[in-house]
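Q: Right, I'll just put the structure down here and ask away after.
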Amino acid sequence: MVDGVRERMIDGAVRLLARQGLQGTSFAEVLQATGTPRGSIYHHFPGGKDQLVAAALDTAGDDTIRGLAGLTGASPAQVTERYLGLWRELLVQSDTTAGCAVLAVTVAARSDDMLDRAATVFRSWRDQLATLLAAGGHPSPVPFATTLVAASEGAVVLSRAERSLEPFDAVAAFLLAEARDIRP
């Protein structure tokens, strides 16, 4: 449970970005979704919407990294399964109406600062996955981590578009089979 007003607003922005994208996420909608007072906007985010979105990107990134906690020394298949499980859970909980908030910002951002922030988040996921995959004995951790991030993002998009878990599950099954078939 998020306690502070600022944190509630950030969490609300992450959820709205994942469902509605960058242009579809306004301060008014964040306030409504989080039940926070209007005066909270410029008190907590004097830099405006860009500051709120940047904080939401950081939170989305950190949430995914936290979701990978405790996997040091796990097999590549276990790392892959956990990472894919985070995205599948999002799709299931949202009935395939939510995707990746970071991707949503990436495809709609008009500023280099926002693209740089999104790139930093994606890079942190790839780096963390590569570290975990290497510790688990994967012979090509960086390329596989990059493939894992890119393929899961695409699978989430396909599942949202088709309003079905089938595309995601097909990509996940392929990636898991690849992770299990690794020979050092």
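Note on naming: chains are A, B, ... as they come in the structure tokens, residues start from 1 per chain, ligands start from 1 in the order shown.
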Got a sec: who's within 10 Å of Ala179 of chain A, counting only C-alpha atoms, leaving out chain neighbours fewer than 3 positions off, as an MDAnalysis selection string?
A: chainID A and resid 75:81 133 138 144 148 173:176 182:183
Q: Got a sec: who's within 10 Å of Ile10 of chain A, counting only C-alpha atoms, leaving out chain neighbours fewer than 5 positions off, as number ranges by chain?
A: A: 2, 4-5, 15-16, 30, 34, 51-60
Q: Set the distance at 7 Å and use only C-alpha atoms: which residues neighbour Val121 of chain A once local chain neighbours fewer than 4 positions away are removed? I'd like the list as a list in words.
A: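 Skipping anything fewer than 4 positions along the chain leaves Asp58, Gly61, Arg117 and Trp125 of chain A.
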Q: Can you write out the residues you just picked, keeping C-alpha atoms, as a tab-separated table (two decimals), in the first residue's frame?
A:
```
chain	number	residue	atom	x	y	z
A	58	ASP	CA	11.61	5.36	-12.20
A	61	GLY	CA	11.66	0.42	-13.40
A	117	ARG	CA	14.76	8.23	-18.92
A	125	TRP	CA	16.23	-4.30	-16.71
```
Q: Enumerate, as a count of residues only, the complete set of residues in chain A that a backbone-based DSSP assignment places in alpha helix (DSSP H).
A: 135
Q: Restricting the calculation to only C-alpha atoms: of A:Met9, A:Ala118, A:Asp112, A:Asp127, which residue gets closest to Arg38 of chain A?
A: A:Met9
Q: Taking 3 positions as the minimum chain separation for residues in the same chain, which residues sit within 6 Å of segment 153-169 of chain A when counting only C-alpha atoms? Answer as a VMD selection string.
A: chain A and resid 96 to 97 150 172 to 173
Q: Rank A:Leu132, A:Ala177, A:Gly99, A:Arg123 by their smallest atom-to-atom distance to Gly70 of chain A, using only C-alpha atoms, and report the top residue only.
A: A:Leu132
Q: Which of these residues is nearest to Ala104 of chain A, using only C-alpha atoms: A:Gly24, A:Gly67, A:Pro46, A:Gly12?
A: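 Checking each of A:Gly24, A:Gly67, A:Pro46, A:Gly12 against Ala104 of chain A, counting only C-alpha atoms, the winner is A:Gly24.
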Q: Fewer than 4 positions away in the same chain doesn't count, so skip those; otherwise give me all residues within 7 Å of Arg126 of chain A, counting only C-alpha atoms, as a ChimeraX atom specification.
A: /A:122,130,145-146,149
Q: Limited to N, CA and C atoms, could you put the picked residues into a file as a PDB file, in the first residue's frame?
A:
```pdb
ATOM      1  N   PHE A 122      14.908   0.674 -19.335  1.00  0.00           N
ATOM      2  CA  PHE A 122      15.086  -0.555 -20.108  1.00  0.00           C
ATOM      3  C   PHE A 122      16.496  -1.128 -19.922  1.00  0.00           C
ATOM      4  N   ALA A 130      20.841  -9.673 -17.326  1.00  0.00           N
ATOM      5  CA  ALA A 130      22.129 -10.219 -17.768  1.00  0.00           C
ATOM      6  C   ALA A 130      22.970 -10.663 -16.583  1.00  0.00           C
ATOM      7  N   ALA A 145      19.309 -11.466 -22.454  1.00  0.00           N
ATOM      8  CA  ALA A 145      18.578 -10.473 -21.660  1.00  0.00           C
ATOM      9  C   ALA A 145      17.910  -9.449 -22.574  1.00  0.00           C
ATOM     10  N   THR A 146      18.626  -9.011 -23.598  1.00  0.00           N
ATOM     11  CA  THR A 146      18.060  -8.053 -24.552  1.00  0.00           C
ATOM     12  C   THR A 146      16.870  -8.671 -25.275  1.00  0.00           C
ATOM     13  N   VAL A 149      13.792  -8.888 -22.876  1.00  0.00           N
ATOM     14  CA  VAL A 149      13.080  -7.625 -22.705  1.00  0.00           C
ATOM     15  C   VAL A 149      12.294  -7.278 -23.974  1.00  0.00           C
TER      16      VAL A 149
END
```
Q: Extract, using only C-alpha atoms, all DNA, RNA and protein residues at most 9 Å from Thr106 of chain A, discarding same-chain residues fewer than 6 positions from it, and format them as a list in words.
A: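 With the cut-off at 9 Å, the set is Leu22, Met114, Leu115, Ala118 and Ala119 of chain A.
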Q: To one decimal place in Å, what is the distance between atom CA of Glu29 of chain A and atom CA of Leu84 of chain A?
A: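 Computing the Euclidean distance for atom CA of Glu29 of chain A and atom CA of Leu84 of chain A yields 29.3 Å.
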Q: From the list A:Arg88, A:Arg19, A:Leu71, A:Val102, which residue is nearest Ala170 of chain A when using only C-alpha atoms?
A: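 Under the stated criterion, the closest residue is A:Arg88.
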Q: When you draw a straight line from atom CA of Thr25 of chain A to atom CA of Leu68 of chain A, how long is it in Å?
A: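 Those two atoms sit 27.6 Å apart.
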Q: Go ahead and compute the interatomic distance for atom CA of Pro37 of chain A and atom CA of Asp50 of chain A, in Å to one decimal.
A: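 Atom-to-atom, atom CA of Pro37 of chain A and atom CA of Asp50 of chain A are spaced 19.1 Å apart.
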